[in-house]
Every structure is written in C-alpha cells, then in structure tokens.
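One structure is given below, encoded as structure tokens.
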Amino acid sequence: MINHIALVGGTHGNEMSGIQLIQNWESSGIPTQFSDLDVTLYTANPAAIAANVRFLEEDLNRQFTPDALKFDSPQAASTSEEHKLAQTINEQLGPKGNASTDLVIDIHNTTSNMGATLIILDTSDVYVKMARYVKQNMPEANILVEDEKPYASHGYLCTTGKYGVMIEVGAQPQGVLREDVYLATQKMAEVLLAFCVAYNKGECDDLEACEAFRLGENIAFPLNDEGNRTAMIHHSLQDNDFVPLMPGAPMFRRFDGKDVVWEGTEPTYPHFINEAAYHKLDVAFATSSLITL
Ligand SMILES: [Zn+2]
C-alpha cells in the first residue's frame with residue numbers, strides 16, 4: 001500500500017513550479033479525489049527559496065547518501081546549511097531505509113526542454129506499474145530511469161521515502177514560473193496521486209508496457225588546456241531533449257566555426273541539454289538509451 005505520501009517542492013530554491021504548486025495546494029487543499037491518501041505537503045529549503053537560489057552552500061539534492069546522513073562519517077563533517085537541513089528532512093520524511101513515508105514525490109524543473117519527465121531510480125514492480133500508469137494517463141510524459149546504482153545509494157532527497165521519484169519539467173528558466181510548465185507539473189503530480197489510489201485498489205496489474213529512457217553518461221563541453229570552453233551546444237541539438245541524436249550528427253558548435261559530431265555507433269537520446277545548474281560543472285547534456293518497461 002502507498003498511503004503516506006510526501007509531495008515536496010523547493011528542494012532547489014529557484015525552481016518555481018513545485019514551490020508554487022505546494023503553496024497553492026496548501027491554501028486550496030489537495031484535490032478531493034485524493035482524500036483517501038495521507039498526503040503531506042512539504043517545502044524543503046525555505047532559506048534558498050527566500051534567496052531565490054538553487055542552494056545556499058551545497059546542493060541539497062545530493063545530501064542524502066547513506067554516508068552523508070551518518071553523523072560520524074567523513075562527509076558528515078560538513079556543516080553546510082544544506083547538510084544540516086538534510087538531517088532534519090531525513091528525520092521528518094524518512095529515516096532513509098526505515099521510512100515513515102511510503103512515497104516521496106520531489107518536484108523539480110529544468111532549463112532543458114525535457115517536457116514533463118518522471119524520474120525513477122529503480123525498475124522493481126511498483127515503479128514499472130507507476131511508469132506504465134503515467135504513460136497511459138499522460139502520454140506526452142517521458143519516463144527517465146536512473147538505475148545506474150542501487151536506490152539507497154543515491155543522494156537524492158526522494159530516497160528518504162520507502163519509494164521515491166522526481167518530477168522534472170522544462171524548459172523553465174531559474175526563478176521564473178511559466179504557465180505551461182506549472183500546468184504540466186500539476187498534471188503529473190495528480191497522475192501520480194491517482195496512481196497511488198489505483199495501486200492500492202490492485203488496479204495496476206494489467207497495464208500496457210511503455211517506453212522509457214535509461215540514463216547513460218554525462219557529456220562534457222570540450223575544453224582547452226586552460227580549462228576554458230571551446231564550443232557551445234549546436235543549434236540542431238538545443239531544445240531537442242529525448243530526440244534521437246544520430247551517429248555523425250552535430251552536438252557542439254566550436255567557436256572556430258567547426259562542428260563536433262556524436263561519434264557513438266548508435267543513436268542516443270540526449271536530455272538535460274544545456275541545463276543551467278550543470279553549467280559550472282561543464283556538463284553539456286546526458287545520454288540515454290530507449291528501453292521498454
Ligand atoms: Zn531541481
């Protein structure tokens with residue numbers, strides 16, 4: 001059963017769609033069709049929201065690894081605001097590994113043109129049913145699978161729950177609310193709550209298989225010997241998240257005018273293309289492969 005659900009906004013303080021949805025549902029109440037569920041609305045990083053920044057000192061959404069949550073670990077020597085906040089959130093929503101919350105739904109948005117994307121971290125039965133239900137009820141949604149490591153090893157806030165997923169919608173600039181992104185975020189949140197109702201009634205056993213994208217690797221911007229960038233995202237790749245990038249197709253435009261092409265032997269499905277939060281990490285985009293769940 002999935003009864004105790006936490007719906008979280010503001011894990012990143014400049015991602016306005018989740019922050020606004022939580023505020024609106026706090027004042028209006030959660031839609032009545034979900035009254036059988038025990039839903040907690042949760043704002044994760046109020047100080048970052050007040051400052052209109054992603055985080056104050058460290059990315060909160062990387063502070064929930066088992067090591068970082070242990071007070072006596074080397075990572076726990078960190079005293080950043082977000083590190084301390086993670087301990088509090090883990091007490092309230094988790095504790096991780098023995099959670100009081102059945103499902104944590106953490107709402108994000110991205111400057112990449114990823115549309116409405118559900119990120120799952122595991123392909124066990126409940127997540128496959130969830131992915132299929134979302135695709136059936138929101139065909140325009142993308143399912144992104146980040147299962148390159150075990151669920152509990154991730155540093156994501158949502159892993160404080162017994163189950164945890166992220167809503168990731170774009171393109172929306174940081175610190176800005178767009179109507180289309182807000183409405184897609186609200187729709188996906190409602191579809192996920194509707195899934196919980198249906199799952200608890202045993203109604204999700206015969207759903208049609210669906211397409212999903214499995215995370216591959218991060219692709220870095222080309223740098224010169226001084227560590228400075230020598231290229232930008234090619235115009236034919238920009239905004240084409242989850243559109244196949246074919247072998248030999250351009251992915252970067254070098255500042256000397258030449259193109260850098262995708263040299264893989266297979267098409268890849270790029271996403272998080274030109275995501276602003278990854279800019280200083282020199283991450284240009286992530287690859288993925290098409291799978292069936
Ligand atoms: Zn985020």
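Lettering and numbering for the structure tokens are positional, with chains as A, B, ... in the shown order, residues counted from 1 in each chain, and ligands counted from 1 in the shown order.
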
Self-check item: Leu192 (chain A) environment, 10 Å, only C-alpha atoms, sequence neighbours closer than 5 positions dropped, as a PyMOL selection string
Solution: chain A and resi 105+118+130-131+133-134+137+165+167+186-187+197-198

Practice problem: Please write out the residues within 9 Å of ligand 1 as a ChimeraX atom specification, counting only C-alpha atoms and all ligand atoms. | Solution: /A:10-15,54,61,106-110,168,277

Quiz item: Mind pulling up the distance from CA of Gly18 (chain A) to CA of Leu193 (chain A)?
Solution: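 CA of Leu193 (chain A) sits 15.1 Å away from CA of Gly18 (chain A).
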
Exercise. Name the residues in contact with His4 (chain A) at a cut-off of 7 Å, using only C-alpha atoms, excluding same-chain residues fewer than 2 positions from it; report them as a ChimeraX atom specification.
Key: /A:2,6,37-39,101-103

Practice problem: Skip Asn45 (chain A) itself and residues of its chain fewer than 4 positions away, then list as a list in words all residues within 10 Å of it, counting only C-alpha atoms. | Solution: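 My list of contacting residues is Val8, Gly9, Gly10, Thr11, His12, Gly13, Ile19, Ile49, Ala50, Arg54, Phe55, Leu56, Leu60, Glu81, Glu82, Leu85, Ala86 and Ile89 of chain A.
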
Residues near region 235-243 of chain A, anyone? I mean within 10 Å using only C-alpha atoms, not counting same-chain ones fewer than 3 positions away, as a PDB file with all heavy atoms, in the first residue's frame.
```pdb
ATOM      1  N   THR A 111      15.987  23.934 -16.951  1.00  0.00           N
ATOM      2  CA  THR A 111      16.069  24.855 -18.081  1.00  0.00           C
ATOM      3  C   THR A 111      16.141  24.109 -19.407  1.00  0.00           C
ATOM      4  O   THR A 111      16.075  24.725 -20.466  1.00  0.00           O
ATOM      5  CB  THR A 111      17.303  25.775 -17.955  1.00  0.00           C
ATOM      6  OG1 THR A 111      18.484  24.980 -17.995  1.00  0.00           O
ATOM      7  CG2 THR A 111      17.274  26.575 -16.652  1.00  0.00           C
ATOM      8  N   SER A 112      16.290  22.788 -19.354  1.00  0.00           N
ATOM      9  CA  SER A 112      16.295  21.958 -20.570  1.00  0.00           C
ATOM     10  C   SER A 112      14.863  21.683 -21.017  1.00  0.00           C
ATOM     11  O   SER A 112      13.945  21.631 -20.200  1.00  0.00           O
ATOM     12  CB  SER A 112      16.998  20.632 -20.297  1.00  0.00           C
ATOM     13  OG  SER A 112      18.286  20.847 -19.761  1.00  0.00           O
ATOM     14  N   ASN A 113      14.711  21.450 -22.306  1.00  0.00           N
ATOM     15  CA  ASN A 113      13.369  21.264 -22.877  1.00  0.00           C
ATOM     16  C   ASN A 113      12.923  19.809 -22.751  1.00  0.00           C
ATOM     17  O   ASN A 113      12.671  19.127 -23.739  1.00  0.00           O
ATOM     18  CB  ASN A 113      13.389  21.718 -24.353  1.00  0.00           C
ATOM     19  CG  ASN A 113      12.002  21.794 -24.940  1.00  0.00           C
ATOM     20  OD1 ASN A 113      11.029  22.053 -24.236  1.00  0.00           O
ATOM     21  ND2 ASN A 113      11.913  21.567 -26.230  1.00  0.00           N
ATOM     22  N   MET A 114      12.831  19.333 -21.511  1.00  0.00           N
ATOM     23  CA  MET A 114      12.551  17.904 -21.262  1.00  0.00           C
ATOM     24  C   MET A 114      11.066  17.602 -21.161  1.00  0.00           C
ATOM     25  O   MET A 114      10.697  16.449 -20.925  1.00  0.00           O
ATOM     26  CB  MET A 114      13.274  17.443 -19.994  1.00  0.00           C
ATOM     27  CG  MET A 114      14.776  17.258 -20.234  1.00  0.00           C
ATOM     28  SD  MET A 114      15.739  17.038 -18.722  1.00  0.00           S
ATOM     29  CE  MET A 114      15.025  15.553 -18.027  1.00  0.00           C
ATOM     30  N   GLY A 115      10.204  18.613 -21.334  1.00  0.00           N
ATOM     31  CA  GLY A 115       8.778  18.353 -21.155  1.00  0.00           C
ATOM     32  C   GLY A 115       8.515  17.871 -19.738  1.00  0.00           C
ATOM     33  O   GLY A 115       9.265  18.187 -18.806  1.00  0.00           O
ATOM     34  N   ASN A 142       7.605  11.820 -20.375  1.00  0.00           N
ATOM     35  CA  ASN A 142       8.784  10.970 -20.561  1.00  0.00           C
ATOM     36  C   ASN A 142       9.084  10.261 -19.252  1.00  0.00           C
ATOM     37  O   ASN A 142       8.907  10.828 -18.173  1.00  0.00           O
ATOM     38  CB  ASN A 142      10.004  11.809 -20.950  1.00  0.00           C
ATOM     39  CG  ASN A 142       9.782  12.587 -22.226  1.00  0.00           C
ATOM     40  OD1 ASN A 142       9.524  12.000 -23.273  1.00  0.00           O
ATOM     41  ND2 ASN A 142       9.850  13.911 -22.151  1.00  0.00           N
ATOM     42  N   LEU A 144      12.219   8.628 -17.282  1.00  0.00           N
ATOM     43  CA  LEU A 144      13.682   8.555 -17.246  1.00  0.00           C
ATOM     44  C   LEU A 144      14.095   7.649 -16.090  1.00  0.00           C
ATOM     45  O   LEU A 144      13.665   7.870 -14.951  1.00  0.00           O
ATOM     46  CB  LEU A 144      14.266   9.960 -17.068  1.00  0.00           C
ATOM     47  CG  LEU A 144      15.785  10.074 -16.936  1.00  0.00           C
ATOM     48  CD1 LEU A 144      16.504   9.518 -18.158  1.00  0.00           C
ATOM     49  CD2 LEU A 144      16.198  11.533 -16.699  1.00  0.00           C
ATOM     50  N   GLY A 170      10.419  20.881 -17.926  1.00  0.00           N
ATOM     51  CA  GLY A 170      11.091  22.010 -18.553  1.00  0.00           C
ATOM     52  C   GLY A 170      10.623  22.193 -19.991  1.00  0.00           C
ATOM     53  O   GLY A 170       9.915  21.342 -20.520  1.00  0.00           O
ATOM     54  N   ALA A 171      10.975  23.295 -20.588  1.00  0.00           N
ATOM     55  CA  ALA A 171      12.004  24.225 -20.137  1.00  0.00           C
ATOM     56  C   ALA A 171      11.411  25.398 -19.352  1.00  0.00           C
ATOM     57  O   ALA A 171      10.438  25.993 -19.801  1.00  0.00           O
ATOM     58  CB  ALA A 171      12.769  24.770 -21.338  1.00  0.00           C
ATOM     59  N   PHE A 213      13.492   5.924 -20.969  1.00  0.00           N
ATOM     60  CA  PHE A 213      14.883   6.230 -21.306  1.00  0.00           C
ATOM     61  C   PHE A 213      15.760   5.889 -20.113  1.00  0.00           C
ATOM     62  O   PHE A 213      15.461   6.315 -18.990  1.00  0.00           O
ATOM     63  CB  PHE A 213      15.030   7.712 -21.660  1.00  0.00           C
ATOM     64  CG  PHE A 213      14.178   8.144 -22.818  1.00  0.00           C
ATOM     65  CD1 PHE A 213      12.923   8.724 -22.610  1.00  0.00           C
ATOM     66  CD2 PHE A 213      14.607   7.939 -24.121  1.00  0.00           C
ATOM     67  CE1 PHE A 213      12.128   9.106 -23.682  1.00  0.00           C
ATOM     68  CE2 PHE A 213      13.816   8.325 -25.194  1.00  0.00           C
ATOM     69  CZ  PHE A 213      12.568   8.915 -24.974  1.00  0.00           C
ATOM     70  N   MET A 232      29.990  25.404 -27.958  1.00  0.00           N
ATOM     71  CA  MET A 232      28.664  25.522 -27.319  1.00  0.00           C
ATOM     72  C   MET A 232      27.752  24.449 -27.927  1.00  0.00           C
ATOM     73  O   MET A 232      28.081  23.844 -28.948  1.00  0.00           O
ATOM     74  CB  MET A 232      28.102  26.931 -27.526  1.00  0.00           C
ATOM     75  CG  MET A 232      28.056  27.371 -28.974  1.00  0.00           C
ATOM     76  SD  MET A 232      27.647  29.134 -29.122  1.00  0.00           S
ATOM     77  CE  MET A 232      28.313  29.481 -30.744  1.00  0.00           C
ATOM     78  N   MET A 246      21.717  11.174 -33.848  1.00  0.00           N
ATOM     79  CA  MET A 246      22.215  10.100 -34.702  1.00  0.00           C
ATOM     80  C   MET A 246      23.750  10.146 -34.805  1.00  0.00           C
ATOM     81  O   MET A 246      24.356  11.208 -34.704  1.00  0.00           O
ATOM     82  CB  MET A 246      21.610  10.225 -36.112  1.00  0.00           C
ATOM     83  CG  MET A 246      20.098  10.345 -36.137  1.00  0.00           C
ATOM     84  SD  MET A 246      19.254   8.996 -35.266  1.00  0.00           S
ATOM     85  CE  MET A 246      19.468   7.671 -36.451  1.00  0.00           C
ATOM     86  N   ALA A 249      25.838  13.143 -36.270  1.00  0.00           N
ATOM     87  CA  ALA A 249      25.089  14.408 -36.180  1.00  0.00           C
ATOM     88  C   ALA A 249      25.835  15.383 -35.277  1.00  0.00           C
ATOM     89  O   ALA A 249      26.466  14.976 -34.300  1.00  0.00           O
ATOM     90  CB  ALA A 249      23.682  14.156 -35.647  1.00  0.00           C
ATOM     91  N   PRO A 250      25.765  16.681 -35.592  1.00  0.00           N
ATOM     92  CA  PRO A 250      26.491  17.665 -34.774  1.00  0.00           C
ATOM     93  C   PRO A 250      25.895  17.813 -33.375  1.00  0.00           C
ATOM     94  O   PRO A 250      24.675  17.795 -33.214  1.00  0.00           O
ATOM     95  CB  PRO A 250      26.343  18.968 -35.565  1.00  0.00           C
ATOM     96  CG  PRO A 250      25.172  18.768 -36.455  1.00  0.00           C
ATOM     97  CD  PRO A 250      25.072  17.298 -36.735  1.00  0.00           C
ATOM     98  N   MET A 251      26.767  17.914 -32.366  1.00  0.00           N
ATOM     99  CA  MET A 251      26.293  18.173 -30.999  1.00  0.00           C
ATOM    100  C   MET A 251      26.872  19.469 -30.438  1.00  0.00           C
ATOM    101  O   MET A 251      26.251  20.091 -29.593  1.00  0.00           O
ATOM    102  CB  MET A 251      26.600  16.993 -30.076  1.00  0.00           C
ATOM    103  CG  MET A 251      28.043  16.571 -30.027  1.00  0.00           C
ATOM    104  SD  MET A 251      28.236  15.171 -28.877  1.00  0.00           S
ATOM    105  CE  MET A 251      29.988  14.881 -29.008  1.00  0.00           C
ATOM    106  N   PHE A 252      28.081  19.853 -30.914  1.00  0.00           N
ATOM    107  CA  PHE A 252      28.660  21.124 -30.472  1.00  0.00           C
ATOM    108  C   PHE A 252      29.031  21.968 -31.693  1.00  0.00           C
ATOM    109  O   PHE A 252      29.398  21.437 -32.748  1.00  0.00           O
ATOM    110  CB  PHE A 252      29.946  20.898 -29.655  1.00  0.00           C
ATOM    111  CG  PHE A 252      29.738  20.165 -28.360  1.00  0.00           C
ATOM    112  CD1 PHE A 252      30.324  18.918 -28.145  1.00  0.00           C
ATOM    113  CD2 PHE A 252      28.970  20.723 -27.344  1.00  0.00           C
ATOM    114  CE1 PHE A 252      30.140  18.241 -26.946  1.00  0.00           C
ATOM    115  CE2 PHE A 252      28.776  20.058 -26.147  1.00  0.00           C
ATOM    116  CZ  PHE A 252      29.361  18.815 -25.944  1.00  0.00           C
ATOM    117  N   ARG A 253      28.937  23.292 -31.526  1.00  0.00           N
ATOM    118  CA  ARG A 253      29.485  24.231 -32.489  1.00  0.00           C
ATOM    119  C   ARG A 253      30.709  24.870 -31.853  1.00  0.00           C
ATOM    120  O   ARG A 253      30.590  25.564 -30.841  1.00  0.00           O
ATOM    121  CB  ARG A 253      28.443  25.293 -32.861  1.00  0.00           C
ATOM    122  CG  ARG A 253      28.964  26.502 -33.631  1.00  0.00           C
ATOM    123  CD  ARG A 253      29.505  26.184 -35.024  1.00  0.00           C
ATOM    124  NE  ARG A 253      28.553  25.545 -35.899  1.00  0.00           N
ATOM    125  CZ  ARG A 253      27.695  26.199 -36.700  1.00  0.00           C
ATOM    126  NH1 ARG A 253      27.679  27.517 -36.713  1.00  0.00           N
ATOM    127  NH2 ARG A 253      26.876  25.546 -37.476  1.00  0.00           N
ATOM    128  N   PRO A 267      22.241   5.610 -32.168  1.00  0.00           N
ATOM    129  CA  PRO A 267      21.608   6.857 -31.745  1.00  0.00           C
ATOM    130  C   PRO A 267      21.568   6.915 -30.221  1.00  0.00           C
ATOM    131  O   PRO A 267      21.500   5.874 -29.563  1.00  0.00           O
ATOM    132  CB  PRO A 267      20.177   6.768 -32.302  1.00  0.00           C
ATOM    133  CG  PRO A 267      20.188   5.642 -33.264  1.00  0.00           C
ATOM    134  CD  PRO A 267      21.311   4.729 -32.881  1.00  0.00           C
ATOM    135  N   THR A 268      21.641   8.125 -29.663  1.00  0.00           N
ATOM    136  CA  THR A 268      21.432   8.279 -28.230  1.00  0.00           C
ATOM    137  C   THR A 268      20.318   9.286 -28.023  1.00  0.00           C
ATOM    138  O   THR A 268      19.942  10.014 -28.951  1.00  0.00           O
ATOM    139  CB  THR A 268      22.728   8.702 -27.515  1.00  0.00           C
ATOM    140  OG1 THR A 268      22.536   8.576 -26.105  1.00  0.00           O
ATOM    141  CG2 THR A 268      23.129  10.136 -27.846  1.00  0.00           C
ATOM    142  N   TYR A 269      19.771   9.281 -26.830  1.00  0.00           N
ATOM    143  CA  TYR A 269      18.619  10.145 -26.526  1.00  0.00           C
ATOM    144  C   TYR A 269      19.064  11.174 -25.489  1.00  0.00           C
ATOM    145  O   TYR A 269      19.048  10.914 -24.296  1.00  0.00           O
ATOM    146  CB  TYR A 269      17.437   9.291 -26.040  1.00  0.00           C
ATOM    147  CG  TYR A 269      16.928   8.383 -27.133  1.00  0.00           C
ATOM    148  CD1 TYR A 269      17.594   7.180 -27.433  1.00  0.00           C
ATOM    149  CD2 TYR A 269      15.839   8.742 -27.917  1.00  0.00           C
ATOM    150  CE1 TYR A 269      17.170   6.360 -28.458  1.00  0.00           C
ATOM    151  CE2 TYR A 269      15.408   7.929 -28.949  1.00  0.00           C
ATOM    152  CZ  TYR A 269      16.077   6.742 -29.216  1.00  0.00           C
ATOM    153  OH  TYR A 269      15.666   5.942 -30.256  1.00  0.00           O
ATOM    154  N   PRO A 270      19.508  12.347 -25.967  1.00  0.00           N
ATOM    155  CA  PRO A 270      20.082  13.348 -25.056  1.00  0.00           C
ATOM    156  C   PRO A 270      19.002  14.019 -24.215  1.00  0.00           C
ATOM    157  O   PRO A 270      17.852  14.170 -24.653  1.00  0.00           O
ATOM    158  CB  PRO A 270      20.741  14.354 -25.995  1.00  0.00           C
ATOM    159  CG  PRO A 270      20.016  14.213 -27.291  1.00  0.00           C
ATOM    160  CD  PRO A 270      19.508  12.814 -27.363  1.00  0.00           C
ATOM    161  N   HIS A 271      19.373  14.416 -23.001  1.00  0.00           N
ATOM    162  CA  HIS A 271      18.466  15.170 -22.133  1.00  0.00           C
ATOM    163  C   HIS A 271      19.312  16.000 -21.177  1.00  0.00           C
ATOM    164  O   HIS A 271      20.532  15.850 -21.149  1.00  0.00           O
ATOM    165  CB  HIS A 271      17.510  14.228 -21.388  1.00  0.00           C
ATOM    166  CG  HIS A 271      18.189  13.201 -20.559  1.00  0.00           C
ATOM    167  ND1 HIS A 271      18.748  12.061 -21.100  1.00  0.00           N
ATOM    168  CD2 HIS A 271      18.426  13.124 -19.221  1.00  0.00           C
ATOM    169  CE1 HIS A 271      19.272  11.335 -20.142  1.00  0.00           C
ATOM    170  NE2 HIS A 271      19.104  11.955 -18.987  1.00  0.00           N
ATOM    171  N   PHE A 272      18.650  16.847 -20.403  1.00  0.00           N
ATOM    172  CA  PHE A 272      19.351  17.873 -19.628  1.00  0.00           C
ATOM    173  C   PHE A 272      20.318  18.638 -20.529  1.00  0.00           C
ATOM    174  O   PHE A 272      21.442  18.967 -20.136  1.00  0.00           O
ATOM    175  CB  PHE A 272      20.070  17.274 -18.413  1.00  0.00           C
ATOM    176  CG  PHE A 272      19.150  16.950 -17.258  1.00  0.00           C
ATOM    177  CD1 PHE A 272      19.042  15.651 -16.772  1.00  0.00           C
ATOM    178  CD2 PHE A 272      18.398  17.944 -16.656  1.00  0.00           C
ATOM    179  CE1 PHE A 272      18.184  15.346 -15.715  1.00  0.00           C
ATOM    180  CE2 PHE A 272      17.537  17.644 -15.595  1.00  0.00           C
ATOM    181  CZ  PHE A 272      17.434  16.349 -15.119  1.00  0.00           C
ATOM    182  N   ILE A 273      19.859  18.944 -21.769  1.00  0.00           N
ATOM    183  CA  ILE A 273      20.693  19.685 -22.709  1.00  0.00           C
ATOM    184  C   ILE A 273      20.805  21.145 -22.251  1.00  0.00           C
ATOM    185  O   ILE A 273      19.795  21.828 -22.104  1.00  0.00           O
ATOM    186  CB  ILE A 273      20.095  19.622 -24.131  1.00  0.00           C
ATOM    187  CG1 ILE A 273      20.050  18.171 -24.651  1.00  0.00           C
ATOM    188  CG2 ILE A 273      20.901  20.509 -25.092  1.00  0.00           C
ATOM    189  CD1 ILE A 273      19.223  17.993 -25.915  1.00  0.00           C
ATOM    190  N   ASN A 274      22.032  21.587 -22.017  1.00  0.00           N
ATOM    191  CA  ASN A 274      22.291  22.989 -21.613  1.00  0.00           C
ATOM    192  C   ASN A 274      21.565  23.362 -20.323  1.00  0.00           C
ATOM    193  O   ASN A 274      21.100  24.491 -20.177  1.00  0.00           O
ATOM    194  CB  ASN A 274      21.888  23.956 -22.737  1.00  0.00           C
ATOM    195  CG  ASN A 274      23.043  24.866 -23.146  1.00  0.00           C
ATOM    196  OD1 ASN A 274      24.074  24.915 -22.477  1.00  0.00           O
ATOM    197  ND2 ASN A 274      22.867  25.576 -24.235  1.00  0.00           N
ATOM    198  N   PHE A 285      25.195  17.756 -21.603  1.00  0.00           N
ATOM    199  CA  PHE A 285      23.938  17.010 -21.619  1.00  0.00           C
ATOM    200  C   PHE A 285      24.216  15.599 -21.117  1.00  0.00           C
ATOM    201  O   PHE A 285      25.370  15.238 -20.858  1.00  0.00           O
ATOM    202  CB  PHE A 285      23.301  16.986 -23.028  1.00  0.00           C
ATOM    203  CG  PHE A 285      24.120  16.324 -24.117  1.00  0.00           C
ATOM    204  CD1 PHE A 285      23.959  14.978 -24.424  1.00  0.00           C
ATOM    205  CD2 PHE A 285      25.052  17.055 -24.848  1.00  0.00           C
ATOM    206  CE1 PHE A 285      24.708  14.373 -25.438  1.00  0.00           C
ATOM    207  CE2 PHE A 285      25.808  16.462 -25.862  1.00  0.00           C
ATOM    208  CZ  PHE A 285      25.631  15.117 -26.146  1.00  0.00           C
ATOM    209  N   ALA A 286      23.149  14.820 -20.937  1.00  0.00           N
ATOM    210  CA  ALA A 286      23.287  13.414 -20.562  1.00  0.00           C
ATOM    211  C   ALA A 286      22.735  12.556 -21.696  1.00  0.00           C
ATOM    212  O   ALA A 286      21.817  12.979 -22.416  1.00  0.00           O
ATOM    213  CB  ALA A 286      22.521  13.133 -19.267  1.00  0.00           C
ATOM    214  N   THR A 287      23.289  11.372 -21.847  1.00  0.00           N
ATOM    215  CA  THR A 287      22.798  10.444 -22.866  1.00  0.00           C
ATOM    216  C   THR A 287      21.832   9.451 -22.223  1.00  0.00           C
ATOM    217  O   THR A 287      21.790   9.297 -20.991  1.00  0.00           O
ATOM    218  CB  THR A 287      23.956   9.650 -23.502  1.00  0.00           C
ATOM    219  OG1 THR A 287      24.548   8.810 -22.504  1.00  0.00           O
ATOM    220  CG2 THR A 287      25.005  10.582 -24.087  1.00  0.00           C
ATOM    221  N   SER A 288      21.054   8.788 -23.061  1.00  0.00           N
ATOM    222  CA  SER A 288      20.212   7.696 -22.566  1.00  0.00           C
ATOM    223  C   SER A 288      19.891   6.754 -23.707  1.00  0.00           C
ATOM    224  O   SER A 288      20.085   7.091 -24.884  1.00  0.00           O
ATOM    225  CB  SER A 288      18.924   8.227 -21.930  1.00  0.00           C
ATOM    226  OG  SER A 288      18.090   8.840 -22.892  1.00  0.00           O
ATOM    227  N   SER A 289      19.432   5.576 -23.343  1.00  0.00           N
ATOM    228  CA  SER A 289      19.015   4.585 -24.344  1.00  0.00           C
ATOM    229  C   SER A 289      17.534   4.303 -24.164  1.00  0.00           C
ATOM    230  O   SER A 289      16.978   4.451 -23.070  1.00  0.00           O
ATOM    231  CB  SER A 289      19.829   3.301 -24.192  1.00  0.00           C
ATOM    232  OG  SER A 289      19.724   2.825 -22.860  1.00  0.00           O
ATOM    233  N   LEU A 290      16.905   3.912 -25.253  1.00  0.00           N
ATOM    234  CA  LEU A 290      15.476   3.633 -25.237  1.00  0.00           C
ATOM    235  C   LEU A 290      15.247   2.211 -24.736  1.00  0.00           C
ATOM    236  O   LEU A 290      15.857   1.262 -25.245  1.00  0.00           O
ATOM    237  CB  LEU A 290      14.935   3.801 -26.663  1.00  0.00           C
ATOM    238  CG  LEU A 290      13.428   3.860 -26.866  1.00  0.00           C
ATOM    239  CD1 LEU A 290      12.803   5.009 -26.095  1.00  0.00           C
ATOM    240  CD2 LEU A 290      13.121   3.999 -28.355  1.00  0.00           C
TER     241      LEU A 290
END
```

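With only C-alpha atoms as the atoms that count, the residue of A:Leu21, A:Leu69, A:Cys196, A:Val104 with the shortest distance to Gln33 (chain A) is A:Cys196.
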
Practice problem: Check the DSSP output for the backbone and give back, as a PyMOL selection string, the residues of region 18-179 of chain A in strand (DSSP E or B). | Solution: chain A and resi 38-43+103-109+115-120+142-145+163-170

Exercise. Using CA of Gly155 (chain A) and CA of Phe221 (chain A) as the two end points, give the distance in Å to one decimal.
Key: 24.3 Å

Quiz prompt | Atom-to-atom span, CA of Gly164 (chain A) and CA of Tyr278 (chain A), Å | solution =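 These atoms are spaced 22.6 Å apart.
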
Quiz item: Could you pull the residues within 12 Å of Arg132 (chain A), counting only C-alpha atoms, minus those fewer than 5 positions along the same chain, as a PyMOL selection string?
Solution: chain A and resi 118+120+123+125-127+137-139+141-143+191-192+195+199+204-212+292-293

Quiz item: If you run DSSP on the backbone, which residues of region 37-110 of chain A are alpha helix (DSSP H), as a VMD selection string?
Solution: chain A and resid 46 to 51 66 to 69 81 to 93
